[in-house]
$ cat run_25.tsv   # TSV, C-alpha atoms
chain	number	residue	atom	x	y	z
A	1353	ASP	CA	-12.04	16.45	-17.74
A	1354	GLY	CA	-10.48	18.37	-14.84
A	1355	GLY	CA	-8.20	16.76	-12.32
A	1356	ILE	CA	-4.72	15.98	-11.06
A	1357	THR	CA	-2.48	13.51	-12.78
A	1358	GLN	CA	0.62	11.85	-11.44
A	1359	SER	CA	2.95	9.72	-13.44
A	1360	PRO	CA	4.07	7.06	-13.42
A	1361	LYS	CA	1.87	4.94	-11.13
A	1362	TYR	CA	4.83	2.72	-10.17
A	1363	LEU	CA	8.50	3.68	-10.26
A	1364	PHE	CA	11.57	1.62	-9.50
A	1365	ARG	CA	15.05	3.03	-8.94
A	1366	LYS	CA	18.41	1.96	-7.71
A	1367	GLU	CA	19.79	3.45	-4.53
A	1368	GLY	CA	21.90	6.55	-5.15
A	1369	GLN	CA	19.88	7.79	-8.12
A	1370	ASN	CA	17.77	10.92	-8.13
A	1371	VAL	CA	14.24	10.49	-9.43
A	1372	THR	CA	11.60	13.05	-10.40
A	1373	LEU	CA	7.89	12.48	-9.87
A	1374	SER	CA	5.44	14.34	-12.07
A	1375	CYS	CA	2.31	16.19	-10.91
A	1376	GLU	CA	0.04	18.15	-13.26
A	1377	GLN	CA	-3.33	19.79	-12.61
A	1378	ASN	CA	-5.82	21.50	-14.90
A	1379	LEU	CA	-8.11	22.78	-12.14
A	1380	ASN	CA	-6.64	26.30	-12.27
A	1381	HIS	CA	-5.59	25.91	-8.64
A	1382	ASP	CA	-2.95	28.23	-7.22
A	1383	ALA	CA	-1.72	25.95	-4.44
A	1384	MET	CA	-0.07	22.55	-4.81
A	1385	TYR	CA	1.31	20.08	-2.29
A	1386	TRP	CA	3.41	16.94	-2.02
A	1387	TYR	CA	2.78	14.30	0.65
A	1388	ARG	CA	4.43	11.05	1.51
A	1389	GLN	CA	2.60	8.01	2.93
A	1390	ASP	CA	4.26	4.98	4.49
A	1391	PRO	CA	2.39	1.67	5.02
A	1392	GLY	CA	-0.32	1.92	7.67
A	1393	GLN	CA	0.41	5.58	8.30
A	1394	GLY	CA	-1.23	8.90	7.58
A	1395	LEU	CA	0.12	11.45	5.10
A	1396	ARG	CA	3.05	13.72	5.86
A	1397	LEU	CA	3.65	17.02	4.07
A	1398	ILE	CA	6.92	17.32	2.13
A	1399	TYR	CA	6.62	20.64	0.26
A	1400	TYR	CA	3.90	23.05	-0.73
A	1401	SER	CA	3.56	25.95	-3.13
A	1402	GLN	CA	0.97	28.70	-2.81
A	1403	ILE	CA	1.87	30.42	-6.07
A	1404	VAL	CA	4.11	30.07	-9.11
A	1405	ASN	CA	7.84	30.49	-8.44
A	1406	ASP	CA	7.36	30.11	-4.70
A	1407	PHE	CA	7.40	27.05	-2.45
A	1408	GLN	CA	7.89	26.23	1.20
A	1409	LYS	CA	9.19	23.24	3.14
A	1410	GLY	CA	6.69	21.03	4.90
A	1411	ASP	CA	7.33	18.70	7.81
A	1412	ILE	CA	9.73	16.28	6.10
A	1413	ALA	CA	11.51	18.21	3.31
A	1414	GLU	CA	15.01	16.82	3.84
A	1415	GLY	CA	16.23	14.85	0.83
A	1416	TYR	CA	13.58	16.29	-1.50
A	1417	SER	CA	13.44	19.25	-3.88
A	1418	VAL	CA	10.67	20.87	-5.91
A	1419	SER	CA	10.10	23.54	-8.54
A	1420	ARG	CA	7.03	25.55	-9.54
A	1421	GLU	CA	7.73	27.19	-12.88
A	1422	LYS	CA	4.18	26.79	-14.16
A	1423	LYS	CA	0.85	26.98	-12.38
A	1424	GLU	CA	-0.13	23.55	-13.66
A	1425	SER	CA	3.00	21.66	-12.68
A	1426	PHE	CA	4.77	20.85	-9.41
A	1427	PRO	CA	7.42	18.15	-9.90
A	1428	LEU	CA	9.11	16.50	-6.91
A	1429	THR	CA	12.68	15.22	-7.03
A	1430	VAL	CA	13.65	12.52	-4.57
A	1431	THR	CA	17.40	12.89	-4.17
A	1432	SER	CA	19.98	10.36	-3.11
A	1433	ALA	CA	20.16	12.21	0.22
A	1434	GLN	CA	16.69	10.91	1.20
A	1435	LYS	CA	17.45	8.02	3.53
A	1436	ASN	CA	14.19	6.08	3.14
A	1437	PRO	CA	12.74	7.02	-0.25
A	1438	THR	CA	10.52	3.96	-0.75
A	1439	ALA	CA	6.97	5.22	-0.16
A	1440	PHE	CA	3.66	6.23	-1.75
A	1441	TYR	CA	3.84	9.84	-2.95
A	1442	LEU	CA	0.70	11.95	-3.30
A	1443	CYS	CA	0.27	15.31	-4.97
A	1444	ALA	CA	-2.64	17.63	-4.17
A	1445	SER	CA	-3.91	21.05	-5.18
A	1446	SER	CA	-6.34	23.65	-3.85
A	1447	TYR	CA	-7.70	27.06	-4.84
A	1448	GLY	CA	-5.22	28.88	-2.68
A	1449	GLN	CA	-4.27	29.91	0.78
A	1450	GLY	CA	-6.78	29.28	3.49
A	1451	ALA	CA	-8.92	26.36	4.42
A	1452	TYR	CA	-9.90	25.23	0.94
A	1453	GLU	CA	-10.33	21.52	0.35
A	1454	GLN	CA	-7.40	19.79	-1.27
A	1455	TYR	CA	-7.86	17.48	-4.24
A	1456	PHE	CA	-5.47	14.58	-4.58
A	1457	GLY	CA	-3.93	12.77	-7.49
A	1458	PRO	CA	-3.80	8.97	-7.77
A	1459	GLY	CA	-0.27	8.75	-6.33
A	1460	THR	CA	3.08	7.30	-7.39
A	1461	ARG	CA	4.49	4.27	-5.60
A	1462	LEU	CA	8.28	4.59	-5.54
A	1463	THR	CA	10.47	1.62	-4.73
A	1464	VAL	CA	14.21	2.12	-4.27
A	1465	THR	CA	16.46	-0.92	-3.96
B	256	ASP	CA	-4.18	22.43	14.79
B	257	ALA	CA	-6.19	20.35	17.25
B	258	LYS	CA	-5.63	16.60	17.41
B	259	THR	CA	-8.34	14.08	16.65
B	260	THR	CA	-9.13	10.61	17.98
B	261	GLN	CA	-10.84	7.99	15.84
B	262	PRO	CA	-11.49	4.27	16.30
B	263	THR	CA	-8.99	2.11	14.44
B	264	SER	CA	-11.64	0.11	12.60
B	265	MET	CA	-15.39	-0.32	12.17
B	266	ASP	CA	-17.70	-2.66	10.31
B	267	CYS	CA	-21.00	-1.89	8.64
B	268	ALA	CA	-23.53	-3.98	6.73
B	269	GLU	CA	-24.19	-3.02	3.13
B	270	GLY	CA	-27.24	-0.79	2.80
B	271	ARG	CA	-27.13	0.35	6.41
B	272	ALA	CA	-25.96	3.71	7.68
B	273	ALA	CA	-22.30	3.97	8.66
B	274	ASN	CA	-21.66	6.33	11.57
B	275	LEU	CA	-18.00	7.23	12.05
B	276	PRO	CA	-17.14	9.10	15.26
B	277	CYS	CA	-14.34	11.57	15.85
B	278	ASN	CA	-13.25	13.28	19.04
B	279	HIS	CA	-11.57	16.68	18.86
B	280	SER	CA	-11.86	18.00	22.40
B	281	THR	CA	-9.16	20.67	21.95
B	282	ILE	CA	-10.69	22.27	18.87
B	283	SER	CA	-10.61	26.05	18.88
B	284	GLY	CA	-13.27	28.45	17.65
B	285	ASN	CA	-11.88	29.07	14.17
B	286	GLU	CA	-11.01	25.46	13.33
B	287	TYR	CA	-13.02	23.43	10.85
B	288	VAL	CA	-13.69	19.69	10.89
B	289	TYR	CA	-12.78	17.99	7.59
B	290	TRP	CA	-13.38	14.43	6.47
B	291	TYR	CA	-11.44	12.64	3.76
B	292	ARG	CA	-11.37	9.00	2.78
B	293	GLN	CA	-8.74	6.86	1.09
B	294	ILE	CA	-9.53	3.72	-0.80
B	295	HIS	CA	-6.63	1.30	-0.86
B	296	SER	CA	-3.68	2.52	-2.97
B	297	GLN	CA	-5.52	5.63	-4.19
B	298	GLY	CA	-5.27	9.30	-3.32
B	299	PRO	CA	-7.49	10.65	-0.53
B	300	GLN	CA	-10.89	11.97	-1.53
B	301	TYR	CA	-12.50	15.01	0.08
B	302	ILE	CA	-15.91	14.20	1.60
B	303	ILE	CA	-17.24	17.12	3.62
B	304	HIS	CA	-16.31	19.81	6.12
B	305	GLY	CA	-18.05	22.01	8.67
B	306	LEU	CA	-17.51	24.61	11.37
B	307	LYS	CA	-20.41	24.30	13.80
B	308	ASN	CA	-23.57	23.63	11.84
B	309	ASN	CA	-24.47	20.20	10.55
B	310	GLU	CA	-23.67	19.76	6.88
B	311	THR	CA	-24.94	17.46	4.16
B	312	ASN	CA	-23.85	16.83	0.60
B	313	GLU	CA	-24.33	14.10	-1.97
B	314	MET	CA	-21.79	11.85	-0.26
B	315	ALA	CA	-22.44	12.19	3.46
B	316	SER	CA	-23.71	14.14	6.44
B	317	LEU	CA	-21.57	15.71	9.14
B	318	ILE	CA	-23.01	16.11	12.62
B	319	ILE	CA	-21.03	18.34	15.00
B	320	THR	CA	-21.95	18.46	18.68
B	321	GLU	CA	-22.96	21.76	20.17
B	322	ASP	CA	-19.72	22.05	22.16
B	323	ARG	CA	-17.81	21.10	18.97
B	324	LYS	CA	-15.73	18.55	20.85
B	325	SER	CA	-16.82	15.67	18.69
B	326	SER	CA	-18.43	14.93	15.36
B	327	THR	CA	-19.92	12.04	13.40
B	328	LEU	CA	-19.68	11.36	9.69
B	329	ILE	CA	-22.74	9.54	8.39
B	330	LEU	CA	-22.84	7.56	5.16
B	331	PRO	CA	-26.60	6.99	4.88
B	332	HIS	CA	-26.61	3.81	2.77
B	333	ALA	CA	-23.17	2.22	2.79
B	334	THR	CA	-22.06	0.22	-0.25
B	335	LEU	CA	-19.10	-2.09	-0.73
B	336	ARG	CA	-17.32	0.75	-2.54
B	337	ASP	CA	-17.39	2.79	0.67
B	338	THR	CA	-14.82	0.45	2.21
B	339	ALA	CA	-11.89	2.78	2.90
B	340	VAL	CA	-9.85	4.54	5.57
B	341	TYR	CA	-11.72	7.64	6.78
B	342	TYR	CA	-9.73	10.57	8.14
B	343	CYS	CA	-11.14	13.21	10.47
B	344	ILE	CA	-9.00	16.36	10.39
B	345	VAL	CA	-9.28	19.58	12.35
B	346	ARG	CA	-7.88	22.53	10.49
B	347	GLY	CA	-7.55	26.24	11.01
B	348	SER	CA	-7.51	28.91	8.32
B	349	ASN	CA	-4.29	27.72	6.78
B	350	TYR	CA	-3.20	25.25	4.19
B	351	LYS	CA	-2.17	22.46	6.49
B	352	LEU	CA	-3.97	19.11	6.57
B	353	THR	CA	-2.63	16.78	9.25
B	354	PHE	CA	-3.61	13.19	8.57
B	355	GLY	CA	-3.63	10.67	11.42
B	356	LYS	CA	-4.20	6.94	10.94
B	357	GLY	CA	-7.96	7.27	10.46
B	358	THR	CA	-10.69	4.62	10.76
B	359	LEU	CA	-10.76	1.61	8.46
B	360	LEU	CA	-14.43	1.15	7.56
B	361	THR	CA	-15.24	-2.27	6.15
B	362	VAL	CA	-18.66	-2.61	4.50
B	363	ASN	CA	-19.78	-6.23	4.50
B	364	PRO	CA	-22.25	-7.81	2.05
$ encode --input "run_25.tsv" --output "structure tokens"
Amino acid sequence: DGGITQSPKYLFRKEGQNVTLSCEQNLNHDAMYWYRQDPGQGLRLIYYSQIVNDFQKGDIAEGYSVSREKKESFPLTVTSAQKNPTAFYLCASSYGQGAYEQYFGPGTRLTVT
Amino acid sequence: DAKTTQPTSMDCAEGRAANLPCNHSTISGNEYVYWYRQIHSQGPQYIIHGLKNNETNEMASLIITEDRKSSTLILPHATLRDTAVYYCIVRGSNYKLTFGKGTLLTVNP
């Protein structure tokens, strides 16, 4: 059953701790993306990767880091430098560069107190 | 990418057609119109996209005006499960999807 998985669904952390959110896809997509969504708002792009071992900053990359060592996986680390980390985080993937539709995972809701 | 304007909210009766409008008056010739929807606390779901011709798939129809300055997403027989926020996005030939606040469609029994 092809798709994108994100784990966990809910995550709680104390302020000052780094936390890593998982994103895995078995769609054989080259491109992967991380978005952040705040209540009542649209999605904002954090990082994206068009190919393994390469990634680019999106609109709000400060306080976040990513890696793309495997085609299937694109983990996002929320560092202690991110001032407002509490949000809904969404991972997506697409066939590649260009205007291909993006497919989204179910999201991880991160709460930092 | 061109900006879009959508109503904040709309209501529709179950079983009736839901027509969701979108204005994109600054769209350029190589930009596509995409529609996604997001059910509460889930990831967005791709619905349909088009360039200038009308498009139809198993989920919806997309009607784009001849001047391409506006479009309408049509859900032919809305069900309660179609209650969601619907995003209209204009996108060029690059990766970037820019999500606004969308339209909250509420389907009522």
$ interface_residues --input "run_25.tsv" --of "chain B" --to "chain A" --cutoff "7 Å" --atoms "all atoms listed in the file" --output "compact mmCIF listing (two decimals) with C-alpha atoms, keeping the file's coordinate frame"
# COMPACT_ATOMS: atom_id res chain seq x y z
CA GLN B 297 -5.52 5.63 -4.19
CA GLY B 298 -5.27 9.30 -3.32
CA PRO B 299 -7.49 10.65 -0.53
CA GLN B 300 -10.89 11.97 -1.53
CA TYR B 301 -12.50 15.01 0.08
CA GLY B 347 -7.55 26.24 11.01
CA SER B 348 -7.51 28.91 8.32
CA ASN B 349 -4.29 27.72 6.78
CA TYR B 350 -3.20 25.25 4.19
CA PHE B 354 -3.61 13.19 8.57
CA GLY B 355 -3.63 10.67 11.42
CA LYS B 356 -4.20 6.94 10.94
$ residues_around --input "run_25.tsv" --residues "Leu1462 (chain A)" --least-positions-apart "3" --cutoff "6 Å" --atoms "only C-alpha atoms" --output "list in words"
Leu1363, Phe1364, Thr1438 and Ala1439 of chain A
$ write_last_selection --input "run_25.tsv" --atoms "C-alpha atoms" --output "CSV table (one decimal), in the frame of the given file"
chain,number,residue,atom,x,y,z
A,1363,LEU,CA,8.5,3.7,-10.3
A,1364,PHE,CA,11.6,1.6,-9.5
A,1438,THR,CA,10.5,4.0,-0.8
A,1439,ALA,CA,7.0,5.2,-0.2
$ residues_around --input "run_25.tsv" --residues "region 308-319 of chain B" --least-positions-apart "6" --cutoff "8 Å" --atoms "only C-alpha atoms" --output "list in words"
Ile302, Ser325, Ser326, Thr327, Leu328, Ile329, Leu330 and Pro331 of chain B
$ residues_around --input "run_25.tsv" --residues "Thr1431 (chain A)" --least-positions-apart "3" --cutoff "7 Å" --atoms "only C-alpha atoms" --output "list of chain:residue names"
A:Gln1369, A:Asn1370, A:Val1371, A:Gly1415, A:Tyr1416, A:Gln1434
$ residues_around --input "run_25.tsv" --residues "Gly284 (chain B)" --least-positions-apart "3" --cutoff "10 Å" --atoms "all atoms listed in the file" --output "PyMOL selection string"
chain B and resi 281+287+306-307+323+347
$ atom_distance --input "run_25.tsv" --atom1 "CA of Val345 (chain B)" --atom2 "CA of Asp266 (chain B)"
23.9 Å
$ residues_near_point --input "run_25.tsv" --point "(17.2, 5.0, -4.4)" --cutoff "7 Å" --atoms "only C-alpha atoms" --output "list in words"
Arg1365, Lys1366, Glu1367, Gly1368, Gln1369, Ser1432, Pro1437, Val1464 and Thr1465 of chain A
$ write_last_selection --input "run_25.tsv" --atoms "C-alpha atoms" --output "PDB file, in the coordinates of the input"
ATOM      1  CA  ARG A1365      15.050   3.030  -8.940  1.00  0.00           C
ATOM      2  CA  LYS A1366      18.410   1.960  -7.710  1.00  0.00           C
ATOM      3  CA  GLU A1367      19.790   3.450  -4.530  1.00  0.00           C
ATOM      4  CA  GLY A1368      21.900   6.550  -5.150  1.00  0.00           C
ATOM      5  CA  GLN A1369      19.880   7.790  -8.120  1.00  0.00           C
ATOM      6  CA  SER A1432      19.980  10.360  -3.110  1.00  0.00           C
ATOM      7  CA  PRO A1437      12.740   7.020  -0.250  1.00  0.00           C
ATOM      8  CA  VAL A1464      14.210   2.120  -4.270  1.00  0.00           C
ATOM      9  CA  THR A1465      16.460  -0.920  -3.960  1.00  0.00           C
TER      10      THR A1465
END
$ closest_residue --input "run_25.tsv" --among "B:Leu352, B:Leu359, B:Ile344, B:Ala268" --to "Trp290 (chain B)" --atoms "only C-alpha atoms"
B:Ile344
$ atom_distance --input "run_25.tsv" --atom1 "CA of Asn1436 (chain A)" --atom2 "CA of Ile1398 (chain A)"
13.4 Å
$ atom_distance --input "run_25.tsv" --atom1 "CA of Val1404 (chain A)" --atom2 "CA of Asp1382 (chain A)"
7.5 Å
$ residues_near_point --input "run_25.tsv" --point "(9.0, 24.9, -1.5)" --cutoff "8 Å" --atoms "only C-alpha atoms" --output "ChimeraX atom specification"
/A:1399-1401,1406-1410,1417-1419
$ residues_around --input "run_25.tsv" --residues "Pro364 (chain B)" --least-positions-apart "4" --cutoff "9 Å" --atoms "all atoms listed in the file" --output "count of residues only"
6
